[in-house]
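Structure file upload_32.cif; described as mmCIF, C-alpha atoms.
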data_data
#
loop_
_atom_site.label_atom_id
_atom_site.label_comp_id
_atom_site.auth_asym_id
_atom_site.auth_seq_id
_atom_site.Cartn_x
_atom_site.Cartn_y
_atom_site.Cartn_z
CA MET A 26 61.43 96.07 142.97
CA SER A 27 58.06 96.16 144.67
CA ASN A 28 57.88 95.42 148.37
CA GLN A 29 55.15 93.18 149.63
CA ALA A 30 53.05 93.32 152.78
CA VAL A 31 52.95 90.11 154.77
CA SER A 32 50.79 89.10 157.74
CA THR A 33 52.01 86.25 159.86
CA THR A 34 52.22 84.97 163.43
CA VAL A 35 55.53 84.86 165.26
CA ASN A 36 55.70 83.12 168.65
CA GLY A 37 51.95 83.50 168.99
CA ASP A 38 51.88 87.23 168.23
CA PRO A 39 50.33 88.61 165.05
CA VAL A 40 53.03 90.39 163.05
CA GLN A 41 52.87 92.46 159.90
CA PHE A 42 55.86 93.52 157.84
CA VAL A 43 56.76 94.79 154.41
CA CYS A 44 59.67 93.20 152.59
CA ASP A 45 61.39 92.78 149.28
CA PRO A 46 60.44 89.35 147.87
CA ARG A 47 64.13 88.40 147.75
CA GLU A 48 64.48 88.74 151.52
CA THR A 49 64.61 85.49 153.42
CA LEU A 50 62.54 84.78 156.49
CA LEU A 51 65.82 85.01 158.42
CA ASP A 52 66.44 88.55 157.07
CA VAL A 53 62.91 89.52 158.01
CA LEU A 54 63.07 88.06 161.51
CA ARG A 55 66.36 89.77 162.29
CA ASP A 56 66.18 93.06 160.42
CA ARG A 57 62.49 93.89 160.24
CA ILE A 58 60.97 92.24 163.31
CA GLY A 59 64.04 92.63 165.52
CA LEU A 60 64.23 88.99 166.58
CA THR A 61 67.97 88.44 166.35
CA GLY A 62 68.02 85.07 168.13
CA SER A 63 68.07 83.21 164.82
CA LYS A 64 71.60 83.38 163.43
CA GLU A 65 73.02 83.30 159.95
CA GLY A 66 75.89 80.84 159.79
CA CYS A 67 76.05 79.86 156.14
CA GLY A 68 72.97 81.28 154.42
CA THR A 69 72.66 78.12 152.33
CA GLY A 70 70.82 75.68 154.58
CA ASP A 71 73.88 73.74 155.69
CA CYS A 72 74.48 74.88 159.28
CA GLY A 73 71.06 75.10 160.95
CA ALA A 74 71.86 78.22 163.03
CA CYS A 75 68.76 79.89 161.57
CA SER A 76 66.39 77.00 162.44
CA VAL A 77 62.78 77.97 163.10
CA THR A 78 59.49 76.14 162.73
CA VAL A 79 56.86 77.10 160.16
CA ASP A 80 53.47 75.59 161.00
CA GLY A 81 55.31 73.19 163.30
CA ARG A 82 57.75 72.04 160.61
CA LEU A 83 61.47 72.51 161.31
CA VAL A 84 63.17 74.50 158.52
CA CYS A 85 66.15 76.73 157.89
CA SER A 86 64.78 80.28 157.82
CA CYS A 87 67.53 81.21 155.35
CA LEU A 88 65.87 78.84 152.86
CA VAL A 89 62.39 80.33 153.27
CA LEU A 90 61.39 83.66 151.76
CA GLY A 91 59.83 86.28 154.01
CA VAL A 92 56.82 86.45 151.69
CA GLU A 93 56.24 82.72 152.21
CA ALA A 94 55.43 83.46 155.87
CA GLU A 95 52.03 84.87 154.87
CA GLY A 96 49.35 83.23 157.02
CA LYS A 97 51.83 80.87 158.69
CA LYS A 98 52.73 80.27 162.30
CA ILE A 99 56.43 80.88 162.91
CA GLU A 100 58.18 79.80 166.11
CA THR A 101 61.68 81.06 166.88
CA VAL A 102 64.11 80.64 169.78
CA GLU A 103 62.62 83.76 171.39
CA GLY A 104 59.38 81.84 171.95
CA ILE A 105 60.92 78.94 173.87
CA ALA A 106 61.19 80.49 177.36
CA GLU A 107 58.02 81.47 179.15
CA GLY A 108 58.70 84.97 180.39
CA PRO A 109 61.62 84.76 182.82
CA ASN A 110 61.31 80.96 183.08
CA LEU A 111 63.70 79.06 180.88
CA HIS A 112 62.54 75.94 179.06
CA VAL A 113 64.04 72.75 180.46
CA LEU A 114 66.09 72.38 177.27
CA GLN A 115 67.65 75.79 177.88
CA GLU A 116 68.38 74.86 181.49
CA LYS A 117 70.01 71.59 180.49
CA ILE A 118 72.14 73.27 177.80
CA ILE A 119 73.48 75.58 180.54
CA GLU A 120 73.88 72.79 183.12
CA HIS A 121 75.78 70.57 180.70
CA ALA A 122 77.86 73.49 179.39
CA ALA A 123 76.65 72.47 175.95
CA LEU A 124 77.82 75.65 174.26
CA GLN A 125 80.83 77.88 173.93
CA CYS A 126 80.42 80.62 171.35
CA GLY A 127 76.65 80.19 171.27
CA ILE A 128 76.03 80.87 167.58
CA CYS A 129 74.55 77.41 166.96
CA THR A 130 72.61 77.31 170.23
CA PRO A 131 69.35 78.99 169.12
CA GLY A 132 69.10 76.61 166.18
CA ILE A 133 69.93 73.62 168.38
CA LEU A 134 67.22 74.66 170.87
CA VAL A 135 64.55 75.06 168.18
CA ALA A 136 65.51 71.77 166.50
CA ALA A 137 65.74 69.80 169.76
CA LYS A 138 62.42 71.17 171.02
CA ASN A 139 60.81 70.13 167.74
CA LEU A 140 62.27 66.63 168.15
CA LEU A 141 61.00 66.26 171.73
CA GLU A 142 57.52 67.33 170.66
CA LYS A 143 57.45 64.42 168.21
CA ASN A 144 59.43 61.91 170.24
CA THR A 145 59.56 62.11 174.03
CA ASN A 146 62.16 59.37 174.35
CA PRO A 147 64.64 59.61 171.47
CA THR A 148 67.69 57.35 171.38
CA GLU A 149 71.13 58.90 171.18
CA THR A 150 71.25 57.93 167.49
CA GLU A 151 67.90 59.58 166.82
CA ILE A 152 69.09 62.77 168.52
CA ARG A 153 72.32 62.80 166.54
CA TYR A 154 70.57 62.25 163.21
CA TRP A 155 67.86 64.81 164.00
CA LEU A 156 70.52 67.41 164.85
CA ALA A 157 72.82 66.46 161.96
CA GLY A 158 71.84 69.71 160.24
CA ASN A 159 72.87 71.83 163.22
CA LEU A 160 76.60 72.36 163.01
CA CYS A 161 78.59 73.21 166.14
CA ARG A 162 82.32 73.91 165.92
CA CYS A 163 82.87 74.26 169.69
CA THR A 164 81.40 71.43 171.70
CA GLY A 165 82.05 68.30 169.66
CA TYR A 166 78.30 67.63 170.06
CA ASP A 167 78.56 65.25 172.99
CA LYS A 168 77.47 67.77 175.60
CA ILE A 169 74.58 68.85 173.37
CA VAL A 170 73.35 65.27 173.02
CA ARG A 171 73.61 64.73 176.80
CA ALA A 172 71.69 67.94 177.44
CA VAL A 173 68.89 66.89 175.07
CA GLN A 174 68.75 63.46 176.72
CA ALA A 175 68.55 65.05 180.18
CA ALA A 176 65.82 67.44 179.05
CA ALA A 177 63.85 64.59 177.52
CA GLU A 178 64.08 62.68 180.80
CA ASP A 179 62.88 65.67 182.82
CA LEU A 180 60.01 66.28 180.41
CA ARG A 181 58.95 62.63 180.62
CA LYS A 182 59.01 62.76 184.45
CA ALA A 183 56.93 65.93 184.37
CA GLY A 184 54.49 63.94 182.23
CA MET B 236 62.29 89.83 141.30
CA LYS B 237 58.55 89.53 141.10
CA TYR B 238 56.93 87.02 143.43
CA HIS B 239 53.68 85.38 142.42
CA LYS B 240 51.47 82.94 144.26
CA PRO B 241 49.01 81.51 141.72
CA THR B 242 46.11 79.34 142.84
CA SER B 243 46.02 77.14 139.73
CA PHE B 244 48.57 75.51 137.43
CA LYS B 245 46.94 77.31 134.51
CA GLU B 246 47.69 80.61 136.17
CA ALA B 247 51.26 79.47 136.91
CA VAL B 248 51.80 78.60 133.24
CA ALA B 249 50.35 81.96 132.13
CA LEU B 250 52.70 83.77 134.52
CA ALA B 251 55.70 81.84 133.19
CA GLU B 252 54.65 82.41 129.59
CA GLY B 253 54.15 86.13 130.07
CA ALA B 254 57.36 86.62 132.06
CA GLU B 255 60.55 88.13 130.71
CA GLY B 256 63.99 87.01 131.76
CA VAL B 257 64.55 84.11 134.12
CA THR B 258 61.59 82.33 135.72
CA ARG B 259 61.82 79.85 138.57
CA PHE B 260 59.08 77.80 140.16
CA LEU B 261 59.27 77.66 143.94
CA ALA B 262 58.14 74.67 145.97
CA GLY B 263 60.64 73.72 148.71
CA GLY B 264 63.22 76.26 147.60
CA THR B 265 66.21 74.27 148.83
CA ASP B 266 67.92 74.73 145.47
CA VAL B 267 66.18 77.88 144.17
CA LEU B 268 66.91 79.91 147.31
CA VAL B 269 70.52 78.75 147.54
CA GLN B 270 71.06 79.76 143.90
CA LEU B 271 69.38 83.11 144.59
CA ARG B 272 71.48 83.66 147.68
CA LEU B 273 74.76 82.80 145.99
CA ASP B 274 73.93 84.94 142.92
CA ILE B 275 74.04 81.85 140.69
CA VAL B 276 70.48 82.33 139.41
CA THR B 277 68.47 85.44 140.30
CA PRO B 278 65.00 84.90 138.88
CA ASP B 279 63.11 87.88 137.45
CA THR B 280 59.91 85.99 138.15
CA LEU B 281 59.38 83.57 141.00
CA VAL B 282 56.22 81.48 140.92
CA ASP B 283 55.38 79.94 144.28
CA MET B 284 53.43 76.71 143.70
CA LYS B 285 52.24 76.15 147.26
CA ALA B 286 48.87 77.94 147.05
CA ILE B 287 47.64 75.57 144.32
CA ALA B 288 45.10 73.02 145.57
CA GLY B 289 46.42 69.48 145.94
CA VAL B 290 50.15 70.20 145.79
CA LYS B 291 50.64 68.95 149.35
CA ASP B 292 48.64 65.72 148.83
CA ILE B 293 49.88 62.15 148.79
CA THR B 294 47.07 60.04 147.32
CA ARG B 295 46.78 56.29 146.91
CA ASN B 296 44.39 55.65 144.05
CA GLU B 297 41.92 52.76 143.85
CA ASP B 298 44.12 50.83 141.40
CA GLY B 299 47.03 51.01 143.87
CA SER B 300 48.88 53.75 142.03
CA TRP B 301 50.03 56.90 143.83
CA ASP B 302 49.89 60.60 143.08
CA ILE B 303 52.40 62.80 144.85
CA GLY B 304 51.85 66.56 144.82
CA VAL B 305 54.61 68.84 143.63
CA ALA B 306 55.10 70.53 147.01
CA VAL B 307 55.11 67.39 149.18
CA SER B 308 58.26 67.49 151.31
CA GLY B 309 60.60 64.63 152.09
CA ALA B 310 59.48 64.68 155.74
CA GLU B 311 55.85 64.28 154.65
CA MET B 312 56.77 61.27 152.50
CA THR B 313 58.71 59.67 155.37
CA GLU B 314 55.86 60.31 157.83
CA HIS B 315 53.21 58.88 155.49
CA PRO B 316 51.80 55.69 157.07
CA THR B 317 51.79 53.49 153.95
CA LEU B 318 53.80 55.05 151.10
CA GLY B 319 57.07 53.75 152.52
CA LYS B 320 55.64 50.27 152.97
CA GLU B 321 54.88 49.99 149.25
CA TRP B 322 57.82 52.08 147.98
CA PRO B 323 60.56 51.85 150.63
CA GLY B 324 63.30 52.61 148.09
CA LEU B 325 61.70 55.84 146.95
CA VAL B 326 61.10 57.03 150.51
CA GLU B 327 64.61 56.11 151.70
CA ALA B 328 66.15 57.87 148.68
CA MET B 329 64.22 61.08 149.38
CA ASP B 330 65.04 60.81 153.08
CA LEU B 331 68.78 60.79 152.31
CA ILE B 332 68.63 64.36 151.02
CA GLY B 333 69.99 66.90 153.49
CA SER B 334 69.19 67.55 157.13
CA THR B 335 65.93 67.44 159.09
CA GLN B 336 65.51 71.12 158.18
CA VAL B 337 65.99 70.44 154.46
CA GLN B 338 63.61 67.48 154.67
CA GLY B 339 60.95 69.90 155.89
CA ARG B 340 61.00 71.67 152.53
CA ALA B 341 62.74 69.64 149.79
CA THR B 342 60.50 68.01 147.17
CA LEU B 343 60.73 65.20 144.62
CA VAL B 344 59.84 67.51 141.73
CA GLY B 345 62.44 70.04 142.85
CA ASN B 346 65.10 67.35 143.00
CA LEU B 347 64.08 66.23 139.50
CA CYS B 348 63.94 69.71 137.95
CA ASN B 349 67.24 70.80 139.51
CA GLY B 350 68.73 68.35 137.02
CA SER B 351 71.65 67.12 139.08
CA PRO B 352 73.07 63.78 137.87
CA ALA B 353 73.73 63.03 141.55
CA ALA B 354 70.16 63.68 142.78
CA ASP B 355 69.26 60.99 145.32
CA SER B 356 65.51 60.72 144.84
CA VAL B 357 65.57 60.67 141.04
CA PRO B 358 67.09 57.19 140.45
CA ALA B 359 64.50 55.74 142.83
CA LEU B 360 61.72 57.70 141.15
CA MET B 361 62.82 56.48 137.72
CA ALA B 362 62.99 52.91 138.97
CA THR B 363 59.33 53.05 140.02
CA GLY B 364 58.35 53.79 136.42
CA ALA B 365 56.87 57.12 137.50
CA VAL B 366 55.28 59.50 135.01
CA VAL B 367 54.94 63.24 135.49
CA THR B 368 52.14 65.43 134.17
CA VAL B 369 53.46 68.56 132.51
CA GLU B 370 51.30 71.60 131.87
CA GLY B 371 52.28 74.26 129.36
CA LYS B 372 50.74 76.81 127.06
CA ASN B 373 49.78 74.06 124.60
CA GLY B 374 48.00 71.92 127.19
CA THR B 375 49.15 68.98 129.25
CA ARG B 376 51.33 66.02 128.41
CA GLN B 377 52.60 62.95 130.24
CA LEU B 378 56.32 62.37 130.44
CA ALA B 379 58.30 59.47 131.90
CA VAL B 380 60.57 60.69 134.70
CA ALA B 381 63.45 59.14 132.76
CA ASP B 382 62.80 61.62 129.92
CA VAL B 383 62.97 64.73 132.11
CA PRO B 384 66.73 65.21 132.74
CA THR B 385 68.80 65.91 129.63
CA GLY B 386 72.15 66.92 131.15
CA PRO B 387 73.66 68.48 134.28
CA GLY B 388 71.20 71.21 135.34
CA LYS B 389 69.10 70.69 132.21
CA THR B 390 65.64 69.23 131.62
CA SER B 391 63.41 68.62 128.62
CA LEU B 392 60.77 71.04 129.93
CA ALA B 393 60.09 74.26 128.00
CA ALA B 394 60.25 77.60 129.81
CA HIS B 395 56.46 77.81 130.03
CA GLU B 396 56.05 74.24 131.24
CA VAL B 397 55.59 73.11 134.81
CA ILE B 398 55.25 69.67 136.40
CA THR B 399 51.85 69.38 138.07
CA ASN B 400 51.88 65.82 139.44
CA ILE B 401 53.95 62.68 139.93
CA HIS B 402 52.16 59.43 139.21
CA ILE B 403 53.64 56.18 140.50
CA PRO B 404 52.23 52.95 139.06
CA PRO B 405 50.56 50.34 141.29
CA ARG B 406 53.05 48.42 143.43
CA GLY B 407 51.49 45.02 142.74
CA GLN B 408 52.46 41.71 144.29
CA ASN B 409 55.86 40.29 145.29
CA ALA B 410 57.74 43.43 144.42
CA ALA B 411 59.99 45.95 146.14
CA ASP B 412 62.50 48.71 145.53
CA ALA B 413 65.68 49.95 147.21
CA TYR B 414 68.13 52.84 146.95
CA GLU B 415 71.62 53.37 148.28
CA ARG B 416 74.38 55.81 147.56
CA PHE B 417 78.06 56.02 148.31
CA ILE B 418 79.31 59.14 150.07
CA PRO B 419 82.58 59.66 151.97
CA ARG B 420 80.72 60.37 155.25
CA THR B 421 77.60 58.97 156.89
CA GLU B 422 75.14 61.84 156.32
CA MET B 423 74.44 64.92 154.28
CA ASP B 424 76.70 64.73 151.26
CA ILE B 425 76.34 64.48 147.50
CA ALA B 426 76.28 60.99 146.01
CA VAL B 427 79.53 59.75 144.45
CA VAL B 428 77.49 56.85 143.08
CA GLY B 429 73.79 56.18 143.57
CA CYS B 430 71.80 53.10 142.63
CA ALA B 431 68.11 52.22 142.65
CA VAL B 432 66.63 48.82 141.91
CA ASN B 433 62.96 47.96 141.55
CA LEU B 434 62.04 44.34 140.94
CA ARG B 435 59.25 41.78 141.01
CA LEU B 436 59.48 38.08 141.85
CA ASP B 437 57.59 34.99 140.84
CA GLY B 438 58.52 32.58 143.61
CA ASP B 439 62.27 33.05 144.02
CA LYS B 440 62.82 34.18 140.46
CA ILE B 441 63.09 37.80 139.30
CA VAL B 442 60.53 38.43 136.54
CA GLU B 443 60.73 42.22 136.23
CA ALA B 444 63.54 44.59 137.10
CA THR B 445 64.66 48.17 136.61
CA VAL B 446 68.19 49.26 137.55
CA VAL B 447 69.00 52.97 137.64
CA MET B 448 72.40 54.55 138.26
CA GLY B 449 73.06 58.06 139.56
CA ALA B 450 76.20 60.23 139.56
CA VAL B 451 78.07 58.10 137.03
CA ALA B 452 77.01 59.88 133.79
CA PRO B 453 75.78 63.33 132.67
CA THR B 454 72.26 62.21 133.46
CA ILE B 455 70.81 59.64 135.80
CA ARG B 456 70.26 56.61 133.61
CA ILE B 457 68.27 53.42 133.45
CA VAL B 458 70.57 50.49 132.57
CA PRO B 459 68.49 47.93 130.61
CA ASP B 460 71.41 45.47 130.35
CA ALA B 461 71.69 45.43 134.13
CA ALA B 462 68.03 44.49 134.43
CA LYS B 463 68.48 41.76 131.81
CA ALA B 464 71.39 40.35 133.83
CA ILE B 465 69.13 39.55 136.79
CA ILE B 466 65.74 38.83 135.18
CA GLY B 467 65.07 35.09 135.18
CA THR B 468 67.56 34.50 138.00
CA THR B 469 67.32 34.05 141.77
CA LEU B 470 69.99 36.73 142.16
CA ASP B 471 72.69 34.11 142.65
CA ASP B 472 76.36 35.13 142.62
CA ALA B 473 76.70 34.63 138.87
CA ALA B 474 73.73 36.92 138.21
CA LYS B 475 75.11 39.53 140.57
CA ASP B 476 78.47 39.48 138.81
CA LYS B 477 76.73 40.00 135.47
CA LEU B 478 74.71 42.81 137.00
CA ALA B 479 77.87 44.53 138.22
CA GLU B 480 79.50 44.09 134.81
CA ALA B 481 76.50 45.60 133.00
CA VAL B 482 76.31 48.53 135.39
CA ARG B 483 80.02 49.26 135.06
CA ALA B 484 79.77 49.16 131.27
CA ALA B 485 77.11 51.88 131.41
CA CYS B 486 79.17 54.27 133.54
CA GLN B 487 80.68 57.43 132.06
CA PRO B 488 81.54 59.27 135.26
CA ILE B 489 83.49 62.45 135.86
CA ASP B 490 86.85 62.43 137.58
CA ASP B 491 86.85 64.76 140.58
CA LYS B 492 87.80 65.15 144.22
CA ARG B 493 84.84 63.02 145.31
CA GLY B 494 85.93 60.02 143.30
CA THR B 495 88.12 59.06 140.36
CA ILE B 496 86.58 57.47 137.27
CA GLU B 497 88.07 54.11 138.25
CA PHE B 498 86.67 54.36 141.77
CA ARG B 499 83.18 55.40 140.68
CA VAL B 500 82.97 52.60 138.12
CA HIS B 501 84.10 50.04 140.67
CA VAL B 502 81.71 51.29 143.37
CA ALA B 503 78.82 51.33 140.89
CA GLY B 504 79.11 47.56 140.53
CA VAL B 505 79.46 46.94 144.25
CA LEU B 506 76.49 49.15 145.04
CA ALA B 507 74.25 47.61 142.36
CA LYS B 508 74.81 44.14 143.82
CA ARG B 509 74.05 45.36 147.31
CA VAL B 510 70.92 47.33 146.36
CA ALA B 511 69.58 44.49 144.20
CA GLN B 512 69.96 42.16 147.18
CA THR B 513 68.05 44.56 149.45
CA ALA B 514 65.22 44.90 146.90
CA TYR B 515 65.20 41.13 146.42
CA ASP B 516 64.99 40.45 150.17
CA ARG B 517 62.22 43.01 150.55
CA ALA B 518 60.26 41.55 147.63
CA ARG B 519 60.44 38.06 149.18
CA THR B 520 58.75 39.30 152.31
CA ALA B 521 56.33 41.63 150.50
CA HIS B 522 52.68 40.70 150.13
#

As structure tokens - that is how I would like this structure written.
Amino acid sequence: MSNQAVSTTVNGDPVQFVCDPRETLLDVLRDRIGLTGSKEGCGTGDCGACSVTVDGRLVCSCLVLGVEAEGKKIETVEGIAEGPNLHVLQEKIIEHAALQCGICTPGILVAAKNLLEKNTNPTETEIRYWLAGNLCRCTGYDKIVRAVQAAAEDLRKAG
Amino acid sequence: MKYHKPTSFKEAVALAEGAEGVTRFLAGGTDVLVQLRLDIVTPDTLVDMKAIAGVKDITRNEDGSWDIGVAVSGAEMTEHPTLGKEWPGLVEAMDLIGSTQVQGRATLVGNLCNGSPAADSVPALMATGAVVTVEGKNGTRQLAVADVPTGPGKTSLAAHEVITNIHIPPRGQNAADAYERFIPRTEMDIAVVGCAVNLRLDGDKIVEATVVMGAVAPTIRIVPDAAKAIIGTTLDDAAKDKLAEAVRAACQPIDDKRGTIEFRVHVAGVLAKRVAQTAYDRARTAH
């Protein structure tokens, strides 16, 4: 089993790692790069807890191989805050108490941020469909949807 | 597992031909990686298709036909400015597969080669009359999409063969397609019954039609008798009843927790009527 060297960019930083080709991007992020914000819920692309973007495209990192990251730009939940300053989505998730156990939250943040970058004024239905692949067993989703709506409103006001 | 990233289809074929054990081609990976993860299929050789030129392209040719690259994702099809205007049924079928995250990766060719009788995009793809180009050690050949699946999880492709392109014929005038499926919830589930209809009108009358049923037989199947039932009609109630009858006669579904045989056969008829109506309405307003 020959390991492969991969060069990629994670949250704007150049990163190099060596991995077995069977390792997923999620394995690599957590175990080789030490970014444990992305969570493994199911490992089969159903729950969305491992959501990241690859070249701006929202994906489940458990359904991407680490070797596929070569030359790509990866964004994870760790890249959302700017230093000590939380992103408005993170603030609204806290304000609206839109989490309990928190396992789904990183994936929700990455997915919702990706939505708001494409659509600054999503309807409730658009938010719910966009986040349909991010399962949450605690909140019943309503608080999450409200938090995303509130963040979208703040972002629009900020222009 | 050896991972390869060829830059040409020729190289991909040579890798597959020279490989021992199990080979898988990787585009979106939404089936291949799940099977790897769950120890269902652990490939000895994995051939990533995404470094080959053109695999991410959606091209409208001068004659109005389309070429869709083998690594084009569902999201890229949905976001395309004109593909969905000409082929709304194909795009809506692909868009039904999985979550936003899955849409970012899943491909038409992957859905086809996975060989599931319940695949959502495949009935719609068959209904368009699409042809795939297959490259193997003996050269290339053209194959109708309808001739690719041969049974659950099985295709007519040889181990050294790989699909290199999907070609969709010109849309033409006064024509449209539609796809719908029945699932027990509103999103993200496997079709209990799926139906695609592609048709062309002359005035109010249907002059060409293709009806394809998914999840009601070991393979997704075109139902010629169902097309015959509506060709020459204005899709009046009598024609729709005949359509439903023909579709139900073609069903050989499994009996499982998602739906009994009786239920699937009944729903197949209901769905065919509904999807034919959608395609008909779209064709009437098409240019």

Which residues are close to B:Thr468, i.e. within 12 Å by all atoms listed in the file, leaving aside same-chain residues fewer than 6 positions away? Reply as a list in words.
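The contact residues come out as Leu434, Arg435, Leu436, Asp437, Gly438, Asp439, Lys440, Ile441, Val442, Glu443, Ala444, Ala462, Ala474, Lys475, Lys477, Leu478, Ala511 and Tyr515 of chain B.
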
Select residues of chain B: the criterion is any atom within 7 Å of an atom of chain A, counting all atoms listed in the file; output as a PyMOL selection string.
chain B and resi 236+238+264-265+268-269+334-337+339-340

List as a PDB file with C-alpha atoms, keeping the file's coordinate frame: which residues have an atom within 10 Å of (62.7, 41.4, 150.2), counting only C-alpha atoms?
ATOM      1  CA  ASN B 409      55.860  40.290 145.290  1.00  0.00           C
ATOM      2  CA  ALA B 410      57.740  43.430 144.420  1.00  0.00           C
ATOM      3  CA  ALA B 411      59.990  45.950 146.140  1.00  0.00           C
ATOM      4  CA  ASP B 412      62.500  48.710 145.530  1.00  0.00           C
ATOM      5  CA  ALA B 413      65.680  49.950 147.210  1.00  0.00           C
ATOM      6  CA  LEU B 434      62.040  44.340 140.940  1.00  0.00           C
ATOM      7  CA  ARG B 435      59.250  41.780 141.010  1.00  0.00           C
ATOM      8  CA  LEU B 436      59.480  38.080 141.850  1.00  0.00           C
ATOM      9  CA  ALA B 511      69.580  44.490 144.200  1.00  0.00           C
ATOM     10  CA  GLN B 512      69.960  42.160 147.180  1.00  0.00           C
ATOM     11  CA  THR B 513      68.050  44.560 149.450  1.00  0.00           C
ATOM     12  CA  ALA B 514      65.220  44.900 146.900  1.00  0.00           C
ATOM     13  CA  TYR B 515      65.200  41.130 146.420  1.00  0.00           C
ATOM     14  CA  ASP B 516      64.990  40.450 150.170  1.00  0.00           C
ATOM     15  CA  ARG B 517      62.220  43.010 150.550  1.00  0.00           C
ATOM     16  CA  ALA B 518      60.260  41.550 147.630  1.00  0.00           C
ATOM     17  CA  ARG B 519      60.440  38.060 149.180  1.00  0.00           C
ATOM     18  CA  THR B 520      58.750  39.300 152.310  1.00  0.00           C
ATOM     19  CA  ALA B 521      56.330  41.630 150.500  1.00  0.00           C
TER      20      ALA B 521
END

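With distances restricted to all atoms listed in the file, B:Thr280 is the closest residue to B:Leu250 from B:Thr280, B:Gln487, B:Thr368, B:Thr390.
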
Give me the result of the PyMOL selection byres ((chain A and resi 30) around 6) on this file, residue by residue, as a list in words.
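Answer for the PyMOL selection byres ((chain A and resi 30) around 6): Gln29, Val31, Phe42 and Val43 of chain A.
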
Expansion of the PyMOL selection byres ((chain B and resi 325-329) around 8) into residues, as a list of chain:residue names:
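Expected selection for the PyMOL selection byres ((chain B and resi 325-329) around 8) here is B:Gly309, B:Met312, B:Thr313, B:Leu318, B:Gly319, B:Trp322, B:Pro323, B:Gly324, B:Asp330, B:Leu331, B:Ile332, B:Leu343, B:Asp355, B:Ser356, B:Ala359, B:Leu360, B:Thr363, B:Asp412, B:Ala413, B:Tyr414, B:Glu415.
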
Give as a list in words the residues that the PyMOL selection byres ((chain B and resi 403-407) around 6) matches when applied to the coordinates above.
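When the PyMOL selection byres ((chain B and resi 403-407) around 6) is applied to the shown file, the picked residues are Gly299, Ser300, Trp301, Ala365, His402 and Gln408 of chain B.
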
Pick from B:Ile401, B:Ala254, B:Ala354, B:Val344: nearest to B:Asp302, with all atoms listed in the file counted?
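The shortest atom-to-atom distance to B:Asp302 comes from B:Ile401.
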
Can you tell me how far atom CA of B:Ser351 sits from atom CA of B:Ala450, in Å to one decimal?
8.3 Å

Between A:Ser63, A:Gln174, A:Gln41, A:Thr164, which is the closest to A:Ala94 once you count only C-alpha atoms?
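Among A:Ser63, A:Gln174, A:Gln41, A:Thr164, it is A:Gln41 that comes nearest to A:Ala94.
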
Using only C-alpha atoms, pick whichever of B:Ser391, B:Thr421, B:Thr399, B:Asn296 has the shortest atom-to-atom distance to B:Gly333.
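Checking each of B:Ser391, B:Thr421, B:Thr399, B:Asn296 against B:Gly333, counting only C-alpha atoms, the winner is B:Thr421.
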
Could you work out how far atom CA of B:Ala341 lies from atom CA of B:Pro316, giving the answer in Å with one decimal?
19.2 Å

Kindly provide, as an NGL selection string, the polymer residues lying within 10 Å of (70.2, 51.9, 134.4), counting only C-alpha atoms and using the coordinates exactly as they appear in the file.
:B and (358 or 361-362 or 430-432 or 445-449 or 455-462 or 481-482 or 485-486 or 507)

Pick out the residues sitting within 8 Å of B:Val451, and hand them over as a CSV table (one decimal) with C-alpha atoms, keeping the file's coordinate frame; count all atoms listed in the file, and ignore anything fewer than 3 positions along from it in its own chain.
chain,number,residue,atom,x,y,z
B,352,PRO,CA,73.1,63.8,137.9
B,353,ALA,CA,73.7,63.0,141.6
B,427,VAL,CA,79.5,59.8,144.4
B,428,VAL,CA,77.5,56.8,143.1
B,448,MET,CA,72.4,54.6,138.3
B,454,THR,CA,72.3,62.2,133.5
B,455,ILE,CA,70.8,59.6,135.8
B,486,CYS,CA,79.2,54.3,133.5
B,487,GLN,CA,80.7,57.4,132.1
B,488,PRO,CA,81.5,59.3,135.3
B,489,ILE,CA,83.5,62.4,135.9
B,499,ARG,CA,83.2,55.4,140.7
B,500,VAL,CA,83.0,52.6,138.1
B,503,ALA,CA,78.8,51.3,140.9

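Of note, atom CA of B:Asp292 and atom CA of B:Gly304 are spaced 5.2 Å apart.
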
Point out the residue among A:Thr33, A:Lys98, A:Cys163, A:Ala176 with the least atom-to-atom distance to A:Glu120, counting all atoms listed in the file.
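Of all the options, A:Ala176 lies closest to A:Glu120.
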
For A:Arg171, list every protein, DNA or RNA residue within 9 Å, evaluated using all atoms listed in the file, and leave out those in the same chain fewer than 4 positions away; present the list as a VMD selection string.
chain A and resid 117 to 118 121 123 149 166 to 167 175 to 176

Give the answer as one residue: which of A:Lys64, A:Leu54, A:Gly37, A:Lys182 has the shortest atom-to-atom distance to A:Ile105, using only C-alpha atoms?
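Using only C-alpha atoms, A:Ile105 sits closest to A:Gly37.
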